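Source file upload-v3.txt; content: compact mmCIF, C-alpha atoms.
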```txt
# COMPACT_ATOMS: atom_id res chain seq x y z
CA MET A 1 80.19 -19.33 -30.55
CA SER A 2 77.27 -18.57 -28.34
CA THR A 3 73.87 -17.57 -29.57
CA LEU A 4 71.55 -15.26 -27.82
CA THR A 5 68.04 -16.44 -27.61
CA GLU A 6 65.22 -13.99 -27.09
CA THR A 7 62.60 -15.11 -24.68
CA ARG A 8 59.20 -13.60 -24.85
CA GLU A 9 56.77 -13.68 -22.03
CA ALA A 10 53.34 -14.89 -22.85
CA PRO A 11 50.74 -12.12 -22.46
CA PRO A 12 48.64 -12.51 -19.32
CA THR A 13 45.34 -14.16 -19.97
CA LYS A 14 42.28 -12.25 -18.95
CA THR A 15 39.53 -14.06 -17.21
CA ALA A 16 36.36 -13.65 -19.18
CA ARG A 17 33.63 -12.18 -17.05
CA PRO A 18 29.99 -12.25 -17.96
CA ALA A 19 28.51 -8.90 -18.92
CA TYR A 20 25.73 -8.00 -16.54
CA ARG A 21 23.07 -5.63 -17.75
CA VAL A 22 20.55 -3.71 -15.71
CA THR A 23 17.14 -4.97 -16.74
CA GLY A 24 13.70 -4.39 -15.33
CA ARG A 25 13.47 -8.01 -14.24
CA ARG A 26 16.72 -7.81 -12.29
CA VAL A 27 15.72 -4.56 -10.60
CA LEU A 28 12.42 -6.15 -9.57
CA ALA A 29 14.27 -9.18 -8.21
CA SER A 30 16.62 -6.92 -6.26
CA GLU A 31 13.77 -4.97 -4.69
CA TRP A 32 11.94 -8.20 -3.89
CA ALA A 33 15.00 -9.52 -2.06
CA LYS A 34 15.50 -6.26 -0.16
CA LEU A 35 11.86 -6.15 0.89
CA TRP A 36 11.90 -9.59 2.49
CA SER A 37 15.32 -9.07 4.10
CA LEU A 38 13.83 -6.44 6.44
CA ARG A 39 12.43 -7.60 9.76
CA SER A 40 9.97 -4.72 9.69
CA THR A 41 8.36 -6.22 6.58
CA TRP A 42 7.31 -9.39 8.35
CA ILE A 43 6.21 -7.56 11.51
CA THR A 44 4.19 -4.84 9.78
CA LEU A 45 2.52 -7.15 7.29
CA GLY A 46 1.60 -9.42 10.18
CA LEU A 47 0.12 -6.47 12.05
CA GLY A 48 -1.86 -5.40 9.00
CA LEU A 49 -3.29 -8.89 8.59
CA LEU A 50 -4.02 -9.09 12.31
CA PHE A 51 -5.84 -5.75 12.28
CA LEU A 52 -8.05 -6.81 9.38
CA VAL A 53 -9.06 -10.16 10.84
CA ALA A 54 -9.14 -9.32 14.55
CA PHE A 55 -11.07 -6.07 14.35
CA GLY A 56 -13.48 -7.56 11.82
CA LEU A 57 -14.27 -10.45 14.12
CA ILE A 58 -14.54 -8.15 17.16
CA ALA A 59 -17.03 -5.93 15.33
CA ALA A 60 -19.08 -8.94 14.22
CA SER A 61 -19.11 -10.37 17.74
CA ARG A 62 -20.16 -7.04 19.22
CA TYR A 63 -23.00 -6.77 16.72
CA LYS A 64 -24.14 -10.33 17.43
CA SER A 65 -24.23 -9.77 21.19
CA GLY A 66 -25.95 -6.39 21.05
CA ILE A 67 -28.48 -6.79 18.25
CA GLY A 68 -31.28 -7.81 20.59
CA SER A 69 -30.44 -5.55 23.51
CA GLY A 70 -32.03 -2.38 22.12
CA ARG A 71 -29.07 -0.30 23.30
CA MET A 72 -27.06 -0.49 20.09
CA ASP A 73 -26.15 2.68 18.21
CA ARG A 74 -28.53 3.29 15.31
CA ASP A 75 -25.80 3.46 12.66
CA PHE A 76 -24.09 0.35 14.00
CA ALA A 77 -27.42 -1.49 14.00
CA ARG A 78 -27.66 -0.93 10.23
CA SER A 79 -24.31 -2.65 9.63
CA THR A 80 -23.91 -5.54 7.22
CA ALA A 81 -21.57 -8.50 7.31
CA VAL A 82 -19.39 -6.68 4.77
CA SER A 83 -19.09 -3.43 6.74
CA LEU A 84 -18.42 -5.35 9.95
CA SER A 85 -15.74 -7.47 8.30
CA LEU A 86 -14.03 -4.36 6.89
CA PHE A 87 -13.99 -2.61 10.26
CA GLY A 88 -10.23 -3.11 10.54
CA THR A 89 -9.44 -1.49 7.19
CA ASN A 90 -8.70 1.91 8.77
CA PHE A 91 -6.12 0.32 11.05
CA ALA A 92 -4.58 -1.91 8.38
CA GLN A 93 -4.12 1.02 6.00
CA LEU A 94 -1.82 2.68 8.52
CA ALA A 95 0.30 -0.45 8.89
CA LEU A 96 0.69 -0.94 5.13
CA GLY A 97 1.16 2.77 4.43
CA VAL A 98 3.86 3.09 7.09
CA LEU A 99 5.68 0.06 5.70
CA GLY A 100 5.58 1.67 2.25
CA VAL A 101 7.24 4.77 3.68
CA LEU A 102 9.91 2.66 5.40
CA ILE A 103 10.78 0.82 2.18
CA THR A 104 11.94 3.99 0.42
CA ALA A 105 12.72 6.53 3.16
CA GLY A 106 14.57 3.86 5.14
CA GLU A 107 17.17 3.57 2.37
CA TYR A 108 17.80 7.31 2.52
CA SER A 109 18.22 7.26 6.31
CA THR A 110 20.77 4.41 6.13
CA GLY A 111 22.57 5.68 3.02
CA MET A 112 21.88 2.45 1.12
CA ILE A 113 20.14 4.47 -1.58
CA ARG A 114 23.56 5.51 -2.94
CA SER A 115 24.47 1.91 -3.66
CA THR A 116 21.05 1.30 -5.18
CA LEU A 117 21.29 4.27 -7.55
CA ALA A 118 24.89 3.42 -8.43
CA ALA A 119 23.69 0.00 -9.56
CA VAL A 120 20.70 1.48 -11.42
CA PRO A 121 21.89 4.86 -12.77
CA ARG A 122 18.63 5.58 -14.59
CA ARG A 123 16.94 5.86 -11.16
CA LEU A 124 13.29 5.69 -12.16
CA PRO A 125 13.24 1.86 -12.50
CA VAL A 126 14.10 1.76 -8.78
CA LEU A 127 10.97 3.72 -7.88
CA TRP A 128 8.70 1.75 -10.24
CA SER A 129 10.08 -1.55 -8.95
CA LYS A 130 9.67 -0.62 -5.29
CA ALA A 131 6.09 0.52 -5.92
CA ALA A 132 5.22 -2.56 -7.99
CA VAL A 133 6.75 -5.08 -5.60
CA PHE A 134 5.22 -3.64 -2.46
CA GLY A 135 1.92 -2.90 -4.17
CA LEU A 136 1.64 -6.57 -5.10
CA VAL A 137 2.54 -7.72 -1.58
CA ALA A 138 0.05 -5.28 -0.03
CA LEU A 139 -2.65 -6.41 -2.47
CA VAL A 140 -2.21 -10.05 -1.52
CA THR A 141 -2.07 -9.26 2.21
CA GLY A 142 -5.09 -6.98 2.14
CA THR A 143 -7.22 -9.26 -0.02
CA LEU A 144 -6.37 -12.29 2.10
CA GLY A 145 -7.21 -10.39 5.27
CA VAL A 146 -10.60 -9.03 4.15
CA PHE A 147 -11.76 -12.35 2.70
CA THR A 148 -10.72 -14.16 5.88
CA ALA A 149 -12.49 -11.60 8.06
CA PHE A 150 -15.66 -11.89 5.98
CA LEU A 151 -15.54 -15.68 5.89
CA PHE A 152 -15.56 -15.95 9.69
CA GLY A 153 -17.47 -12.74 10.41
CA SER A 154 -20.41 -13.76 8.21
CA ARG A 155 -20.71 -16.96 10.24
CA ILE A 156 -20.80 -14.99 13.49
CA VAL A 157 -23.68 -12.75 12.32
CA SER A 158 -25.57 -15.60 10.66
CA GLY A 159 -29.27 -15.39 11.48
CA THR A 160 -29.18 -11.62 12.13
CA PRO A 161 -30.27 -8.75 9.85
CA ALA A 162 -26.60 -8.25 8.91
CA ALA A 163 -26.21 -11.79 7.54
CA MET A 164 -24.66 -12.05 4.05
CA ASP A 165 -22.65 -14.50 2.01
CA PHE A 166 -20.55 -14.38 -1.14
CA SER A 167 -23.61 -14.81 -3.36
CA HIS A 168 -25.12 -11.46 -2.33
CA ALA A 169 -24.79 -8.68 -4.88
CA GLY A 170 -21.76 -6.47 -4.37
CA VAL A 171 -20.06 -8.57 -1.69
CA VAL A 172 -17.14 -9.85 -3.78
CA ARG A 173 -16.74 -6.44 -5.42
CA SER A 174 -16.52 -4.75 -2.01
CA LEU A 175 -13.96 -7.21 -0.69
CA LEU A 176 -11.79 -6.94 -3.81
CA GLY A 177 -12.12 -3.16 -3.67
CA ALA A 178 -10.87 -3.13 -0.08
CA GLY A 179 -7.84 -5.21 -1.02
CA LEU A 180 -7.05 -2.90 -3.95
CA TYR A 181 -7.49 0.17 -1.75
CA LEU A 182 -4.96 -1.15 0.77
CA ALA A 183 -2.51 -1.92 -2.04
CA LEU A 184 -2.77 1.63 -3.39
CA VAL A 185 -2.28 3.05 0.12
CA GLY A 186 0.95 1.06 0.29
CA VAL A 187 2.06 2.50 -3.08
CA ILE A 188 1.26 6.03 -1.89
CA GLY A 189 3.36 5.38 1.23
CA THR A 190 6.23 4.24 -0.99
CA ALA A 191 5.93 7.41 -3.07
CA LEU A 192 5.81 9.67 0.00
CA GLY A 193 8.94 8.03 1.38
CA ALA A 194 10.80 8.70 -1.88
CA LEU A 195 9.42 12.23 -2.15
CA LEU A 196 10.16 13.40 1.40
CA ARG A 197 13.16 11.09 2.07
CA SER A 198 12.26 11.09 5.76
CA VAL A 199 10.53 8.32 7.67
CA ALA A 200 8.97 10.71 10.17
CA GLY A 201 7.91 13.16 7.46
CA GLY A 202 6.43 10.47 5.23
CA ILE A 203 4.42 8.91 8.05
CA SER A 204 3.18 12.31 9.22
CA VAL A 205 1.92 13.27 5.76
CA LEU A 206 0.34 9.85 5.28
CA VAL A 207 -1.58 10.07 8.57
CA ALA A 208 -2.62 13.65 7.82
CA VAL A 209 -3.93 12.79 4.37
CA LEU A 210 -5.84 9.68 5.43
CA MET A 211 -7.15 10.72 8.85
CA LEU A 212 -6.66 14.38 9.77
CA ILE A 213 -7.71 16.24 6.63
CA PRO A 214 -11.18 14.59 6.43
CA GLY A 215 -11.83 15.78 9.98
CA LEU A 216 -10.73 19.31 9.14
CA VAL A 217 -12.93 19.39 6.04
CA SER A 218 -15.94 18.61 8.25
CA LEU A 219 -15.44 22.05 9.83
CA LEU A 220 -16.09 23.79 6.51
CA PRO A 221 -19.56 25.01 5.45
CA SER A 222 -21.87 22.23 4.30
CA SER A 223 -21.90 23.44 0.70
CA TRP A 224 -18.11 23.20 0.58
CA GLN A 225 -18.07 19.79 2.21
CA ASP A 226 -20.31 18.30 -0.47
CA ASP A 227 -17.95 19.54 -3.20
CA ILE A 228 -14.65 18.60 -1.53
CA SER A 229 -15.24 15.63 0.76
CA PRO A 230 -15.98 12.90 -1.86
CA TYR A 231 -12.68 13.61 -3.63
CA LEU A 232 -10.43 13.32 -0.60
CA PRO A 233 -8.16 10.24 -0.79
CA SER A 234 -9.72 8.44 2.17
CA ASN A 235 -13.31 9.11 1.12
CA ALA A 236 -12.68 8.22 -2.51
CA GLY A 237 -10.96 5.03 -1.36
CA GLU A 238 -13.84 4.16 0.95
CA SER A 239 -16.29 4.41 -1.94
CA MET A 240 -14.27 1.68 -3.69
CA PHE A 241 -15.38 -0.91 -1.16
CA ALA A 242 -18.62 0.53 0.23
CA LEU A 243 -21.57 -1.80 -0.35
CA THR A 244 -24.10 1.03 -0.72
CA HIS A 245 -23.71 4.61 -1.95
CA ASP A 246 -25.69 7.82 -1.63
CA ALA A 247 -25.70 11.23 -3.29
CA THR A 248 -22.77 12.45 -1.17
CA SER A 249 -20.37 9.65 -2.16
CA LEU A 250 -18.76 8.53 -5.39
CA SER A 251 -19.57 5.32 -7.22
CA PRO A 252 -17.01 2.49 -6.92
CA GLY A 253 -15.63 3.20 -10.41
CA SER A 254 -15.37 6.95 -9.85
CA GLY A 255 -13.79 6.40 -6.44
CA LEU A 256 -11.19 4.11 -8.01
CA LEU A 257 -10.34 6.69 -10.67
CA VAL A 258 -10.00 9.48 -8.10
CA PHE A 259 -7.82 7.37 -5.81
CA LEU A 260 -5.67 6.29 -8.76
CA GLY A 261 -5.25 9.97 -9.56
CA TRP A 262 -3.93 10.64 -6.05
CA THR A 263 -1.59 7.66 -6.38
CA VAL A 264 -0.24 8.88 -9.73
CA LEU A 265 0.23 12.37 -8.27
CA ALA A 266 2.31 11.02 -5.38
CA LEU A 267 4.41 8.85 -7.71
CA SER A 268 4.94 11.76 -10.09
CA GLY A 269 6.24 13.95 -7.28
CA ALA A 270 8.57 11.19 -6.12
CA ALA A 271 9.84 10.60 -9.67
CA TYR A 272 10.49 14.32 -10.20
CA ARG A 273 12.54 14.64 -7.02
CA LEU A 274 14.40 11.39 -7.70
CA LEU A 275 15.53 12.75 -11.08
CA ARG A 276 16.27 16.32 -9.97
CA SER A 277 17.89 15.82 -6.56
CA ASP A 278 21.03 14.01 -5.50
CA ALA A 279 20.81 11.08 -3.13
```

Take the structure I supplied and represent it as structure tokens, if you would.
Amino acid sequence: MSTLTETREAPPTKTARPAYRVTGRRVLASEWAKLWSLRSTWITLGLGLLFLVAFGLIAASRYKSGIGSGRMDRDFARSTAVSLSLFGTNFAQLALGVLGVLITAGEYSTGMIRSTLAAVPRRLPVLWSKAAVFGLVALVTGTLGVFTAFLFGSRIVSGTPAAMDFSHAGVVRSLLGAGLYLALVGVIGTALGALLRSVAGGISVLVAVLMLIPGLVSLLPSSWQDDISPYLPSNAGESMFALTHDATSLSPGSGLLVFLGWTVLALSGAAYRLLRSDA
């Protein structure tokens, strides 16, 4: 007599996989890695640092060579070691602001933003992380550049009426203010890139806000200029690192608050569009 034996197949074993969660720390780490994987990051940060140091030293050298000639412009003759060292700030702000635009708008132009938002469905942590990571990098770059420019520029103008060192009142505050200003410009560029989702559009608006609008405001009646000009982003930012102030400019604290307001406004617009519009 034969017996039938029932054979049962063992159930397939499932490989245990670790559960990955989206956390703020991991989003920051992802944005940090993406930032330094771009060649444009290294090139543009290098240009920003070069602009700060090179133009600061050029301005100091020009002042040193022309102080005794009697042919120097009156405003330039009243320069200080701080103002000469910060001569390259206007050029560095464009480099850092443009890089901020590229960080966000570049992902929209390549389509990578879809993968980013698929990994972080809540969306807003992506914007905050991009702004925080690049703001920190721009702060370090800007602060390093202005302190280096002042360190060498103050030696060039030593023995002239513009001579200053770190012990003079307001010097350290001005240099730190310039570094913070450049960092906030980078954050505004990041916000504009996310808001407009176009590299060309973001750069155009950035240049217009920082350089063109102040020139247009100068065409208004004088009474209007006094009420509007101090609150423009570029003028409010300049008051953050100006060594001296007059009745037509804001104090360093007020300038910081106004410029922070512009930064928050740009980030708010970017956050609204990020939540309301598809990638």

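Comparing the minimum interatomic distances between Leu195 in chain A and each of A:Ala266, A:Ala29, A:Ala162, A:Val120, counting only C-alpha atoms, we find that A:Ala266 sits nearest.
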
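Interatomic distance, CA of Ile67 in chain A to CA of Val171 in chain A: 21.7 Å.
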
### Message
If we count all atoms listed in the file and set the cut-off at 8 Å, which residues sit around range 129-132 of chain A, ignoring sequence neighbours fewer than 2 positions away in its own chain? Please answer as a ChimeraX atom specification.
### Response
/A:24,27-28,31,103-104,125-127,134-136,187,190-191

### Message
So that I can check the surroundings of Leu182 in chain A, please list as a PyMOL selection string every protein, DNA and RNA residue that reaches within 10 Å of it, counting only C-alpha atoms and ignoring chain neighbours fewer than 2 positions away.
### Response
chain A and resi 48+89-90+92-97+135+138-143+177-180+184-188+237

### Summary
Among A:Val137, A:Met112, A:Leu196, A:Val53, Ala271 in chain A is approached most closely, using only C-alpha atoms, by A:Leu196

Can you tell me which residues surround Thr160 in chain A at a distance of at most 10 Å, considering only C-alpha atoms, apart from same-chain residues fewer than 6 positions away, and format the answer as a PDB file with C-alpha atoms, in the frame of the given file?
```pdb
ATOM      1  CA  TYR A  63     -23.000  -6.770  16.720  1.00  0.00           C
ATOM      2  CA  LYS A  64     -24.140 -10.330  17.430  1.00  0.00           C
ATOM      3  CA  ILE A  67     -28.480  -6.790  18.250  1.00  0.00           C
ATOM      4  CA  GLY A  68     -31.280  -7.810  20.590  1.00  0.00           C
ATOM      5  CA  THR A  80     -23.910  -5.540   7.220  1.00  0.00           C
ATOM      6  CA  ALA A  81     -21.570  -8.500   7.310  1.00  0.00           C
ATOM      7  CA  SER A 154     -20.410 -13.760   8.210  1.00  0.00           C
TER       8      SER A 154
END
```

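For range 250-259 of chain A, the set of protein, DNA and RNA residues having any atom at most 6 Å away, when counting all atoms listed in the file and skipping those fewer than 6 positions along the same chain, is Pro233, Ala236, Gly237, Ser239 and Met240 of chain A.
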
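Distances from A:Val133, A:Gly56, A:Asn235, A:Ile228 to Trp32 in chain A were compared using all atoms listed in the file, and the smallest one belongs to A:Val133.
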
### Query
Quick one, how far is CA of Asp227 in chain A from CA of Leu175 in chain A?
27.2 Å

Mind completing range 228-263 of chain A with N, CA and C atoms? Output as a CSV table (one decimal), keeping the file's coordinate frame, please?
```csv
chain,number,residue,atom,x,y,z
A,228,ILE,N,-16.0,19.0,-1.8
A,228,ILE,CA,-14.6,18.6,-1.5
A,228,ILE,C,-14.5,17.2,-1.0
A,229,SER,N,-15.4,16.9,0.0
A,229,SER,CA,-15.2,15.6,0.8
A,229,SER,C,-15.2,14.4,-0.1
A,230,PRO,N,-16.0,14.2,-1.1
A,230,PRO,CA,-16.0,12.9,-1.9
A,230,PRO,C,-14.7,12.7,-2.6
A,231,TYR,N,-13.9,13.7,-2.8
A,231,TYR,CA,-12.7,13.6,-3.6
A,231,TYR,C,-11.4,13.5,-2.8
A,232,LEU,N,-11.6,13.5,-1.5
A,232,LEU,CA,-10.4,13.3,-0.6
A,232,LEU,C,-10.0,11.9,-0.7
A,233,PRO,N,-8.7,11.6,-0.6
A,233,PRO,CA,-8.2,10.2,-0.8
A,233,PRO,C,-8.9,9.2,0.0
A,234,SER,N,-9.1,9.5,1.3
A,234,SER,CA,-9.7,8.4,2.2
A,234,SER,C,-11.2,8.2,1.8
A,235,ASN,N,-11.9,9.3,1.5
A,235,ASN,CA,-13.3,9.1,1.1
A,235,ASN,C,-13.5,8.5,-0.3
A,236,ALA,N,-12.6,8.9,-1.2
A,236,ALA,CA,-12.7,8.2,-2.5
A,236,ALA,C,-12.3,6.7,-2.4
A,237,GLY,N,-11.3,6.4,-1.6
A,237,GLY,CA,-11.0,5.0,-1.4
A,237,GLY,C,-12.1,4.2,-0.7
A,238,GLU,N,-12.8,4.9,0.3
A,238,GLU,CA,-13.8,4.2,1.0
A,238,GLU,C,-15.0,3.8,0.0
A,239,SER,N,-15.2,4.7,-1.0
A,239,SER,CA,-16.3,4.4,-1.9
A,239,SER,C,-15.9,3.2,-2.8
A,240,MET,N,-14.7,2.8,-2.9
A,240,MET,CA,-14.3,1.7,-3.7
A,240,MET,C,-14.8,0.4,-3.1
A,241,PHE,N,-14.9,0.3,-1.8
A,241,PHE,CA,-15.4,-0.9,-1.2
A,241,PHE,C,-16.7,-0.8,-0.4
A,242,ALA,N,-17.3,0.4,-0.4
A,242,ALA,CA,-18.6,0.5,0.2
A,242,ALA,C,-19.7,-0.3,-0.5
A,243,LEU,N,-20.5,-0.9,0.3
A,243,LEU,CA,-21.6,-1.8,-0.4
A,243,LEU,C,-22.7,-1.0,-0.9
A,244,THR,N,-23.0,0.1,-0.3
A,244,THR,CA,-24.1,1.0,-0.7
A,244,THR,C,-23.5,2.4,-0.9
A,245,HIS,N,-24.2,3.2,-1.7
A,245,HIS,CA,-23.7,4.6,-2.0
A,245,HIS,C,-24.9,5.5,-1.9
A,246,ASP,N,-24.6,6.8,-1.6
A,246,ASP,CA,-25.7,7.8,-1.6
A,246,ASP,C,-25.2,9.0,-2.5
A,247,ALA,N,-26.0,10.1,-2.4
A,247,ALA,CA,-25.7,11.2,-3.3
A,247,ALA,C,-24.4,11.9,-2.9
A,248,THR,N,-24.0,11.8,-1.7
A,248,THR,CA,-22.8,12.4,-1.2
A,248,THR,C,-21.5,11.7,-1.4
A,249,SER,N,-21.6,10.5,-2.0
A,249,SER,CA,-20.4,9.6,-2.2
A,249,SER,C,-20.2,9.3,-3.6
A,250,LEU,N,-19.0,8.9,-4.0
A,250,LEU,CA,-18.8,8.5,-5.4
A,250,LEU,C,-19.1,7.1,-5.6
A,251,SER,N,-19.3,6.7,-6.9
A,251,SER,CA,-19.6,5.3,-7.2
A,251,SER,C,-18.2,4.6,-7.1
A,252,PRO,N,-18.3,3.2,-7.0
A,252,PRO,CA,-17.0,2.5,-6.9
A,252,PRO,C,-16.0,2.8,-8.0
A,253,GLY,N,-16.5,2.9,-9.3
A,253,GLY,CA,-15.6,3.2,-10.4
A,253,GLY,C,-15.0,4.6,-10.3
A,254,SER,N,-15.9,5.6,-10.0
A,254,SER,CA,-15.4,7.0,-9.8
A,254,SER,C,-14.4,7.1,-8.7
A,255,GLY,N,-14.7,6.4,-7.6
A,255,GLY,CA,-13.8,6.4,-6.4
A,255,GLY,C,-12.4,5.8,-6.8
A,256,LEU,N,-12.5,4.7,-7.6
A,256,LEU,CA,-11.2,4.1,-8.0
A,256,LEU,C,-10.4,5.1,-8.9
A,257,LEU,N,-11.0,5.8,-9.8
A,257,LEU,CA,-10.3,6.7,-10.7
A,257,LEU,C,-9.7,7.8,-9.9
A,258,VAL,N,-10.5,8.4,-8.9
A,258,VAL,CA,-10.0,9.5,-8.1
A,258,VAL,C,-8.8,9.0,-7.3
A,259,PHE,N,-8.9,7.8,-6.7
A,259,PHE,CA,-7.8,7.4,-5.8
A,259,PHE,C,-6.6,7.0,-6.6
A,260,LEU,N,-6.8,6.5,-7.8
A,260,LEU,CA,-5.7,6.3,-8.8
A,260,LEU,C,-5.0,7.6,-9.1
A,261,GLY,N,-5.8,8.7,-9.3
A,261,GLY,CA,-5.2,10.0,-9.6
A,261,GLY,C,-4.3,10.5,-8.4
A,262,TRP,N,-4.8,10.3,-7.2
A,262,TRP,CA,-3.9,10.6,-6.0
A,262,TRP,C,-2.6,9.8,-6.0
A,263,THR,N,-2.8,8.5,-6.4
A,263,THR,CA,-1.6,7.7,-6.4
A,263,THR,C,-0.6,8.1,-7.4
```
